[in-house]
>>> print(open('data.txt').read())   # compact mmCIF, C-alpha atoms
# COMPACT_ATOMS: atom_id res chain seq x y z
CA MET A 27 0.00 0.00 0.00
CA LYS A 28 2.83 2.44 0.70
CA PRO A 29 3.87 2.74 -2.98
CA ILE A 30 0.31 3.78 -3.86
CA TYR A 31 0.29 6.38 -1.10
CA LEU A 32 3.64 7.71 -2.28
CA ILE A 33 2.35 8.03 -5.84
CA VAL A 34 -0.70 9.93 -4.61
CA LEU A 35 1.48 12.12 -2.41
CA ALA A 36 3.94 12.73 -5.25
CA THR A 37 1.05 14.10 -7.29
CA PHE A 38 0.69 16.91 -4.75
CA LEU A 39 4.32 17.58 -3.77
CA PRO A 40 5.50 19.81 -6.65
CA LEU A 41 3.88 22.78 -5.00
CA ALA A 42 4.18 21.77 -1.36
CA ALA A 43 4.95 25.31 -0.28
CA VAL A 44 1.70 26.62 -1.74
CA ALA A 45 -1.22 26.46 0.67
CA GLN A 46 -3.78 27.63 -1.83
CA ALA A 47 -3.70 27.16 -5.57
CA GLN A 48 -3.26 30.28 -7.66
CA LEU A 49 -2.80 31.19 -11.29
CA ALA A 50 0.75 31.77 -12.42
CA PRO A 51 2.30 32.86 -15.72
CA GLY A 52 3.80 30.01 -17.70
CA PRO A 53 7.02 30.05 -19.76
CA ALA A 54 5.40 31.63 -22.84
CA GLY A 55 3.27 34.05 -20.83
CA GLU A 56 0.19 31.81 -20.87
CA VAL A 57 -1.67 31.33 -17.60
CA VAL A 58 -1.04 27.97 -15.95
CA GLN A 59 -3.13 26.74 -13.04
CA ALA A 60 -1.28 25.52 -9.98
CA GLN A 61 -2.29 22.31 -8.26
CA LEU A 62 -4.18 22.07 -5.01
CA VAL A 63 -1.69 20.88 -2.39
CA PRO A 64 -2.87 19.02 0.72
CA LEU A 65 -1.57 20.37 4.00
CA ALA A 66 -0.73 18.34 7.07
CA ALA A 67 -3.05 19.09 9.99
CA ALA A 68 -0.06 19.62 12.28
CA ASP A 69 1.04 22.55 10.06
CA VAL A 70 -2.34 24.31 9.94
CA VAL A 71 -3.97 26.73 12.35
CA LEU A 72 -7.66 26.73 11.42
CA GLU A 73 -8.22 30.27 12.67
CA ASP A 74 -5.75 31.52 10.05
CA LEU A 75 -8.10 30.23 7.34
CA LYS A 76 -11.26 31.85 8.73
CA TYR A 77 -13.21 33.66 5.98
CA ILE A 78 -10.33 33.06 3.56
CA SER A 79 -10.47 29.37 2.67
CA ARG A 80 -12.91 26.51 2.90
CA PRO A 81 -11.20 23.56 4.66
CA VAL A 82 -11.86 20.03 3.45
CA VAL A 83 -10.31 17.77 6.08
CA VAL A 84 -9.48 14.13 5.35
CA PHE A 85 -8.86 11.98 8.43
CA ALA A 86 -7.62 8.41 8.63
CA ASP A 87 -5.96 6.22 11.23
CA SER A 88 -3.10 5.49 8.83
CA PRO A 89 -1.82 6.79 5.49
CA ASP A 90 -2.28 3.20 4.26
CA ASP A 91 -6.06 3.30 4.84
CA PRO A 92 -7.66 2.35 1.48
CA ASN A 93 -10.37 4.99 1.96
CA PHE A 94 -7.73 7.67 2.53
CA ILE A 95 -5.79 6.63 -0.56
CA ARG A 96 -8.98 6.59 -2.64
CA GLN A 97 -10.05 10.02 -1.33
CA MET A 98 -6.69 11.57 -2.20
CA GLN A 99 -6.86 10.06 -5.70
CA LEU A 100 -10.36 11.49 -6.19
CA LEU A 101 -9.25 14.94 -5.03
CA ALA A 102 -6.21 14.90 -7.32
CA ARG A 103 -8.27 14.19 -10.44
CA ASP A 104 -10.05 17.52 -10.76
CA THR A 105 -8.80 20.41 -8.70
CA ALA A 106 -10.16 23.33 -10.74
CA ASP A 107 -13.63 23.19 -9.17
CA LEU A 108 -12.13 23.01 -5.68
CA ILE A 109 -9.82 25.95 -6.37
CA GLU A 110 -12.78 27.98 -7.62
CA ARG A 111 -14.44 27.41 -4.23
CA ASP A 112 -11.34 28.43 -2.21
CA VAL A 113 -10.85 24.90 -0.88
CA VAL A 114 -7.81 23.96 1.18
CA VAL A 115 -7.31 20.22 1.64
CA ILE A 116 -6.01 19.24 5.07
CA THR A 117 -4.94 15.69 5.90
CA ASP A 118 -4.49 14.00 9.28
CA THR A 119 -3.44 10.33 9.31
CA ASP A 120 -1.89 10.11 12.77
CA PRO A 121 -4.39 9.80 15.64
CA ALA A 122 -1.54 9.64 18.17
CA ALA A 123 -0.41 13.16 17.22
CA ARG A 124 -3.67 14.63 18.57
CA THR A 125 -3.56 17.73 16.38
CA ALA A 126 -5.77 20.71 17.20
CA ILE A 127 -7.92 19.92 14.17
CA ARG A 128 -8.38 16.29 15.25
CA LEU A 129 -9.28 17.37 18.78
CA ARG A 130 -11.78 19.90 17.45
CA LEU A 131 -13.51 17.63 14.91
CA ARG A 132 -13.12 14.28 16.75
CA PRO A 133 -13.17 11.83 13.82
CA ARG A 134 -13.35 8.04 14.12
CA GLY A 135 -11.37 6.16 11.52
CA PHE A 136 -11.69 7.54 8.01
CA SER A 137 -13.69 10.73 7.83
CA LEU A 138 -14.18 13.48 5.27
CA VAL A 139 -15.22 16.77 6.87
CA LEU A 140 -16.39 19.72 4.77
CA MET A 141 -16.17 23.08 6.50
CA ASP A 142 -17.44 26.48 5.46
CA LYS A 143 -15.30 29.63 5.53
CA ASP A 144 -16.57 30.45 9.02
CA LEU A 145 -14.94 27.14 10.09
CA THR A 146 -18.24 25.45 10.84
CA ALA A 147 -18.17 21.72 10.12
CA ILE A 148 -21.12 21.43 7.76
CA LEU A 149 -20.85 17.86 6.52
CA ARG A 150 -19.12 14.65 7.66
CA LYS A 151 -18.82 11.56 5.47
CA PRO A 152 -17.49 8.12 6.46
CA LEU A 153 -16.58 7.19 2.88
CA PRO A 154 -14.64 8.91 0.07
CA TRP A 155 -16.48 11.43 -2.10
CA ASN A 156 -15.54 12.57 -5.59
CA VAL A 157 -14.99 16.24 -6.45
CA ARG A 158 -18.43 16.55 -8.06
CA GLU A 159 -20.16 15.45 -4.85
CA ILE A 160 -17.97 17.73 -2.75
CA THR A 161 -18.56 20.79 -4.93
CA HIS A 162 -22.33 20.21 -5.03
CA ALA A 163 -22.35 20.05 -1.23
CA ILE A 164 -20.18 23.18 -0.94
CA ASP A 165 -22.49 25.07 -3.30
CA LYS A 166 -25.28 24.57 -0.74
CA PHE A 167 -23.25 26.15 2.09
CA PRO A 168 -24.63 29.53 3.24
CA LEU A 169 -21.43 31.50 2.61
CA ARG A 170 -20.91 29.88 -0.81
CA ARG A 171 -24.48 30.78 -1.84
CA GLN A 172 -23.77 34.36 -0.80
CA GLU A 173 -20.54 34.35 -2.85
CA MET A 174 -22.40 33.06 -5.90
CA LEU A 175 -25.05 35.81 -5.56
CA GLU A 176 -22.34 38.46 -5.31
CA GLN A 177 -20.60 37.10 -8.41
CA ARG A 178 -23.78 36.91 -10.48
CA PRO A 179 -26.47 39.24 -9.11
CA ALA A 180 -30.03 38.50 -10.19
CA GLY A 181 -31.22 40.50 -13.18
CA ARG A 182 -27.79 40.88 -14.77
>>> encode(input="data.txt", output="structure tokens")
Amino acid sequence: MKPIYLIVLATFLPLAAVAQAQLAPGPAGEVVQAQLVPLAAADVVLEDLKYISRPVVVFADSPDDPNFIRQMQLLARDTADLIERDVVVITDTDPAARTAIRLRLRPRGFSLVLMDKDLTAILRKPLPWNVREITHAIDKFPLRRQEMLEQRPAGR
């Protein structure tokens, strides 16, 4: 299982220093989209993300958990929709570390937790979800609905 985890992790590592994906100019001046990079829960202070990013937290009891591996593969497939929604992916695969995020959200085994920008845990799932399911759920969040109305006001 470890080689699979390493392959999934290697997909995200090129931009490990970037917490949030952004657009960057490419070699010929064209715009290239950066990848969404998962952050370790131990390196994240949730309060720093308040009203800036929408945390999607993936918990597991081990990085070898098949559900964790599957979830990371699903998230890596299509990041554009997540980036559009200001998503930051946070992972926590070490229950013994007792990170602040783990203590706050109290997961059991594998868990996918979707949070809104006000850091309210809106949705918890015990199985992996694909990006389409995640983005549809996020689009129902109160702050996301407000963002969508501001971007496209009625009557325009």
>>> residues_around(input="data.txt", residues="A:Arg170", least_positions_apart="3", cutoff="10 Å", atoms="only C-alpha atoms", output="ChimeraX atom specification")
/A:80,111-112,142-143,163-167,173-176
>>> closest_residue(input="data.txt", among="A:Asp107, A:Thr125, A:Arg132, A:Ala102", to="A:His162", atoms="all atoms listed in the file")
A:Asp107
>>> residues_near_point(input="data.txt", point="(-11.7, 14.8, 5.1)", cutoff="8 Å", atoms="all atoms listed in the file", output="NGL selection string")
:A and (82-85 or 115-117 or 136-140 or 150-151)
>>> residues_around(input="data.txt", residues="A:Ser88", least_positions_apart="4", cutoff="12 Å", atoms="all atoms listed in the file", output="list in words")
Met27, Lys28, Tyr31, Val84, Pro92, Asn93, Phe94, Ile95, Thr117, Asp118, Thr119, Asp120, Pro121, Ala122, Ala123, Arg134, Gly135, Phe136 and Ser137 of chain A
>>> residues_around(input="data.txt", residues="A:Asp104", least_positions_apart="4", cutoff="9 Å", atoms="all atoms listed in the file", output="list in words")
Leu100, Leu108, Val157 and Arg158 of chain A
>>> write_last_selection(input="data.txt", atoms="C-alpha atoms", output="compact mmCIF listing (two decimals), keeping the file's coordinate frame")
# COMPACT_ATOMS: atom_id res chain seq x y z
CA LEU A 100 -10.36 11.49 -6.19
CA LEU A 108 -12.13 23.01 -5.68
CA VAL A 157 -14.99 16.24 -6.45
CA ARG A 158 -18.43 16.55 -8.06
>>> atom_distance(input="data.txt", atom1="atom CA of A:Ser79", atom2="atom CA of A:Val114")
6.2 Å
>>> decode(input="data.txt", residues="stretch 150-165 of chain A", atoms="C-alpha atoms", output="compact mmCIF listing (two decimals), in the first residue's frame")
# COMPACT_ATOMS: atom_id res chain seq x y z
CA ARG A 150 -19.12 14.65 7.66
CA LYS A 151 -18.82 11.56 5.47
CA PRO A 152 -17.49 8.12 6.46
CA LEU A 153 -16.58 7.19 2.88
CA PRO A 154 -14.64 8.91 0.07
CA TRP A 155 -16.48 11.43 -2.10
CA ASN A 156 -15.54 12.57 -5.59
CA VAL A 157 -14.99 16.24 -6.45
CA ARG A 158 -18.43 16.55 -8.06
CA GLU A 159 -20.16 15.45 -4.85
CA ILE A 160 -17.97 17.73 -2.75
CA THR A 161 -18.56 20.79 -4.93
CA HIS A 162 -22.33 20.21 -5.03
CA ALA A 163 -22.35 20.05 -1.23
CA ILE A 164 -20.18 23.18 -0.94
CA ASP A 165 -22.49 25.07 -3.30
